[in-house]
file work35.pdb (PDB, C-alpha atoms, pLDDT in the B column)
ATOM      1  CA  MET A   1       9.567 175.609  37.368  1.00 75.00           C
ATOM      2  CA  PRO A   2       6.331 177.537  37.769  1.00 81.00           C
ATOM      3  CA  PRO A   3       6.230 179.513  41.037  1.00 85.00           C
ATOM      4  CA  GLU A   4       2.868 177.882  41.784  1.00 86.00           C
ATOM      5  CA  ALA A   5       4.619 174.476  41.979  1.00 87.00           C
ATOM      6  CA  TRP A   6       6.971 175.823  44.663  1.00 88.00           C
ATOM      7  CA  ASP A   7       4.026 177.367  46.544  1.00 91.00           C
ATOM      8  CA  HIS A   8       1.829 174.235  46.303  1.00 92.00           C
ATOM      9  CA  GLU A   9       0.544 173.317  49.762  1.00 91.00           C
ATOM     10  CA  VAL A  10      -1.118 170.225  51.168  1.00 92.00           C
ATOM     11  CA  GLY A  11      -2.543 170.501  54.656  1.00 92.00           C
ATOM     12  CA  GLY A  12      -0.877 173.889  55.088  1.00 94.00           C
ATOM     13  CA  VAL A  13       2.600 172.493  54.288  1.00 95.00           C
ATOM     14  CA  ARG A  14       4.559 173.537  51.210  1.00 95.00           C
ATOM     15  CA  VAL A  15       5.277 170.227  49.452  1.00 96.00           C
ATOM     16  CA  LEU A  16       8.660 171.021  47.874  1.00 95.00           C
ATOM     17  CA  GLU A  17       9.937 172.695  51.012  1.00 95.00           C
ATOM     18  CA  ALA A  18       8.976 169.643  53.082  1.00 96.00           C
ATOM     19  CA  TRP A  19      10.593 167.344  50.498  1.00 95.00           C
ATOM     20  CA  PHE A  20      13.891 169.268  50.664  1.00 93.00           C
ATOM     21  CA  THR A  21      13.822 169.469  54.449  1.00 92.00           C
ATOM     22  CA  ALA A  22      13.264 165.728  54.783  1.00 89.00           C
ATOM     23  CA  ARG A  23      16.366 165.047  52.693  1.00 90.00           C
ATOM     24  CA  THR A  24      18.734 167.785  53.801  1.00 89.00           C
ATOM     25  CA  ALA A  25      17.990 168.498  57.468  1.00 88.00           C
ATOM     26  CA  ALA A  26      20.809 167.661  59.856  1.00 86.00           C
ATOM     27  CA  ALA A  27      20.053 164.693  62.090  1.00 83.00           C
ATOM     28  CA  ASP A  28      21.249 164.073  65.617  1.00 86.00           C
ATOM     29  CA  PRO A  29      24.539 162.140  65.596  1.00 87.00           C
ATOM     30  CA  GLY A  30      24.242 158.526  66.664  1.00 88.00           C
ATOM     31  CA  THR A  31      20.625 158.163  65.518  1.00 88.00           C
ATOM     32  CA  LEU A  32      19.272 156.142  62.627  1.00 86.00           C
ATOM     33  CA  ALA A  33      18.244 159.392  60.976  1.00 78.00           C
ATOM     34  CA  ALA A  34      21.952 160.334  60.804  1.00 83.00           C
ATOM     35  CA  ILE A  35      22.631 157.368  58.509  1.00 86.00           C
ATOM     36  CA  GLY A  36      22.212 158.671  55.026  1.00 83.00           C
ATOM     37  CA  PRO A  37      24.022 159.457  51.803  1.00 85.00           C
ATOM     38  CA  ALA A  38      27.146 161.589  52.015  1.00 81.00           C
ATOM     39  CA  ALA A  39      26.263 163.345  48.754  1.00 88.00           C
ATOM     40  CA  TRP A  40      23.122 164.130  46.792  1.00 91.00           C
ATOM     41  CA  PRO A  41      22.096 160.843  45.097  1.00 92.00           C
ATOM     42  CA  GLN A  42      21.063 160.821  41.425  1.00 94.00           C
ATOM     43  CA  ALA A  43      17.805 159.128  42.459  1.00 93.00           C
ATOM     44  CA  TRP A  44      16.854 162.239  44.441  1.00 94.00           C
ATOM     45  CA  THR A  45      17.285 164.403  41.343  1.00 94.00           C
ATOM     46  CA  SER A  46      14.960 162.115  39.387  1.00 95.00           C
ATOM     47  CA  GLU A  47      12.482 162.103  42.264  1.00 95.00           C
ATOM     48  CA  LEU A  48      12.624 165.901  42.510  1.00 95.00           C
ATOM     49  CA  LEU A  49      12.002 166.360  38.783  1.00 94.00           C
ATOM     50  CA  GLY A  50       9.043 163.982  38.977  1.00 95.00           C
ATOM     51  CA  LEU A  51       7.623 165.842  41.966  1.00 95.00           C
ATOM     52  CA  ILE A  52       8.001 169.217  40.231  1.00 94.00           C
ATOM     53  CA  THR A  53       6.243 167.808  37.166  1.00 94.00           C
ATOM     54  CA  VAL A  54       3.323 166.514  39.221  1.00 94.00           C
ATOM     55  CA  LEU A  55       2.985 169.762  41.175  1.00 94.00           C
ATOM     56  CA  SER A  56       3.094 171.771  37.928  1.00 92.00           C
ATOM     57  CA  LEU A  57       0.336 169.618  36.439  1.00 92.00           C
ATOM     58  CA  LEU A  58      -1.738 169.975  39.615  1.00 90.00           C
ATOM     59  CA  THR A  59      -1.317 173.732  39.369  1.00 88.00           C
ATOM     60  CA  GLU A  60      -2.738 173.660  35.841  1.00 88.00           C
ATOM     61  CA  LEU A  61      -5.736 171.669  37.105  1.00 89.00           C
ATOM     62  CA  ARG A  62      -6.517 174.026  39.993  1.00 85.00           C
ATOM     63  CA  PRO A  63      -9.098 176.099  38.039  1.00 87.00           C
ATOM     64  CA  LEU A  64     -10.848 172.917  36.866  1.00 90.00           C
ATOM     65  CA  ARG A  65     -10.916 171.495  40.405  1.00 83.00           C
ATOM     66  CA  ALA A  66     -12.460 174.703  41.703  1.00 80.00           C
ATOM     67  CA  ALA A  67     -15.261 174.319  39.158  1.00 87.00           C
ATOM     68  CA  LEU A  68     -16.128 170.803  40.314  1.00 88.00           C
ATOM     69  CA  GLU A  69     -19.203 170.592  42.445  1.00 86.00           C
ATOM     70  CA  VAL A  70     -20.656 167.527  44.112  1.00 85.00           C
ATOM     71  CA  THR A  71     -24.313 167.586  43.221  1.00 88.00           C
ATOM     72  CA  SER A  72     -25.259 164.112  44.383  1.00 90.00           C
ATOM     73  CA  PRO A  73     -23.068 162.728  47.171  1.00 92.00           C
ATOM     74  CA  VAL A  74     -23.011 158.977  47.714  1.00 93.00           C
ATOM     75  CA  THR A  75     -24.386 158.036  51.118  1.00 94.00           C
ATOM     76  CA  ALA A  76     -23.721 155.029  53.328  1.00 93.00           C
ATOM     77  CA  THR A  77     -27.372 154.024  52.884  1.00 94.00           C
ATOM     78  CA  GLU A  78     -26.932 153.866  49.108  1.00 95.00           C
ATOM     79  CA  LEU A  79     -23.731 151.842  49.509  1.00 94.00           C
ATOM     80  CA  ARG A  80     -25.575 149.354  51.741  1.00 93.00           C
ATOM     81  CA  ARG A  81     -28.371 149.059  49.166  1.00 94.00           C
ATOM     82  CA  ALA A  82     -25.777 148.419  46.461  1.00 93.00           C
ATOM     83  CA  GLY A  83     -24.143 145.687  48.570  1.00 90.00           C
ATOM     84  CA  VAL A  84     -20.858 147.547  48.964  1.00 89.00           C
ATOM     85  CA  LEU A  85     -21.298 147.955  52.715  1.00 92.00           C
ATOM     86  CA  PRO A  86     -20.688 146.336  55.067  1.00 91.00           C
ATOM     87  CA  VAL A  87     -17.261 145.263  53.873  1.00 88.00           C
ATOM     88  CA  PRO A  88     -16.963 141.464  53.990  1.00 85.00           C
ATOM     89  CA  ALA A  89     -14.651 140.016  56.647  1.00 82.00           C
ATOM     90  CA  SER A  90     -12.511 138.422  53.924  1.00 77.00           C
ATOM     91  CA  ALA A  91     -11.666 141.887  52.585  1.00 80.00           C
ATOM     92  CA  ARG A  92     -10.577 143.130  56.009  1.00 82.00           C
ATOM     93  CA  ARG A  93      -7.681 140.740  56.454  1.00 79.00           C
ATOM     94  CA  PRO A  94      -4.351 140.993  54.621  1.00 78.00           C
ATOM     95  CA  ALA A  95      -3.906 139.075  51.400  1.00 71.00           C
ATOM     96  CA  SER A  96      -1.931 135.862  51.626  1.00 71.00           C
ATOM     97  CA  VAL A  97      -0.079 133.782  49.071  1.00 63.00           C
ATOM     98  CA  LEU A  98      -1.758 130.798  50.693  1.00 66.00           C
ATOM     99  CA  ASP A  99      -5.127 132.020  49.363  1.00 65.00           C
ATOM    100  CA  HIS A 100      -4.085 131.377  45.737  1.00 62.00           C
ATOM    101  CA  ARG A 101      -3.676 128.243  43.662  1.00 62.00           C
ATOM    102  CA  GLU A 102      -0.279 127.567  42.190  1.00 61.00           C
ATOM    103  CA  GLU A 103      -0.116 128.669  38.575  1.00 62.00           C
ATOM    104  CA  GLY A 104       3.162 128.030  36.770  1.00 63.00           C
ATOM    105  CA  PRO A 105       5.400 125.013  36.251  1.00 63.00           C
ATOM    106  CA  ASP A 106       7.363 125.897  39.375  1.00 62.00           C
ATOM    107  CA  GLY A 107       4.423 127.188  41.374  1.00 59.00           C
ATOM    108  CA  GLN A 108       4.658 130.857  40.344  1.00 63.00           C
ATOM    109  CA  PHE A 109       1.550 132.973  40.577  1.00 61.00           C
ATOM    110  CA  ALA A 110       0.220 134.571  37.427  1.00 56.00           C
ATOM    111  CA  LEU A 111       0.514 138.351  37.593  1.00 54.00           C
ATOM    112  CA  LEU A 112      -2.376 139.999  35.833  1.00 49.00           C
TER     113      LEU A 112
END

call {"tool": "encode", "arguments": {"input": "work35.pdb", "output": "structure tokens"}}
result
Amino acid sequence: MPPEAWDHEVGGVRVLEAWFTARTAAADPGTLAAIGPAAWPQAWTSELLGLITVLSLLTELRPLRAALEVTSPVTATELRRAGVLPVPASARRPASVLDHREEGPDGQFALL
């Protein structure tokens, strides 16, 4: 693992350190936080390897990200002109299965 992956911070917090702490810190007895696996689950190992991979790739991209420069920011005025703003009321409410027609022989929805 590259040392930069271990040192990777988001919002001033080291990501891997926070990940380990969230899974290994002792919880107060009698609380919901105290309910957890008695041993290290295999799923955590897979999750950890995935996280290390992502952090390593982000580390490789750091020089490219530093070179990015916003030369023409998008403004709210431009978004209004383009019809993106204001957001329609229909987009502000949660999606519902009742908003869709039935699709399959037993009423399943088509997943696209």

call {"tool": "resolve_selection", "arguments": {"input": "work35.pdb", "expression": "the PyMOL selection byres ((chain A and resi 33-48) around 12)", "output": "JSON, numbers by chain"}}
result
{"A": [1, 5, 6, 15, 16, 17, 18, 19, 20, 22, 23, 24, 25, 26, 27, 28, 29, 30, 31, 32, 49, 50, 51, 52, 53, 54, 55]}

call {"tool": "write_last_selection", "arguments": {"input": "work35.pdb", "atoms": "C-alpha atoms", "output": "compact mmCIF listing (two decimals), keeping the file's coordinate frame"}}
result
# COMPACT_ATOMS: atom_id res chain seq x y z
CA MET A 1 9.57 175.61 37.37
CA ALA A 5 4.62 174.48 41.98
CA TRP A 6 6.97 175.82 44.66
CA VAL A 15 5.28 170.23 49.45
CA LEU A 16 8.66 171.02 47.87
CA GLU A 17 9.94 172.70 51.01
CA ALA A 18 8.98 169.64 53.08
CA TRP A 19 10.59 167.34 50.50
CA PHE A 20 13.89 169.27 50.66
CA ALA A 22 13.26 165.73 54.78
CA ARG A 23 16.37 165.05 52.69
CA THR A 24 18.73 167.78 53.80
CA ALA A 25 17.99 168.50 57.47
CA ALA A 26 20.81 167.66 59.86
CA ALA A 27 20.05 164.69 62.09
CA ASP A 28 21.25 164.07 65.62
CA PRO A 29 24.54 162.14 65.60
CA GLY A 30 24.24 158.53 66.66
CA THR A 31 20.62 158.16 65.52
CA LEU A 32 19.27 156.14 62.63
CA LEU A 49 12.00 166.36 38.78
CA GLY A 50 9.04 163.98 38.98
CA LEU A 51 7.62 165.84 41.97
CA ILE A 52 8.00 169.22 40.23
CA THR A 53 6.24 167.81 37.17
CA VAL A 54 3.32 166.51 39.22
CA LEU A 55 2.98 169.76 41.18

call {"tool": "atom_distance", "arguments": {"input": "work35.pdb", "atom1": "CA of Thr59 in chain A", "atom2": "CA of Thr71 in chain A"}}
result
24.1 Å

call {"tool": "axis_aligned_box", "arguments": {"input": "work35.pdb", "around": "range 17-31 of chain A", "padding_each_side": "5 Å", "output": "JSON"}}
result
{"center_x": 16.8, "center_y": 165.4, "center_z": 58.6, "size_x": 25.6, "size_y": 24.5, "size_z": 26.2}

call {"tool": "atom_distance", "arguments": {"input": "work35.pdb", "atom1": "CA of Asp7 in chain A", "atom2": "CA of Leu58 in chain A"}}
result
11.7 Å

call {"tool": "atom_distance", "arguments": {"input": "work35.pdb", "atom1": "CA of Glu69 in chain A", "atom2": "CA of Val87 in chain A"}}
result
27.9 Å
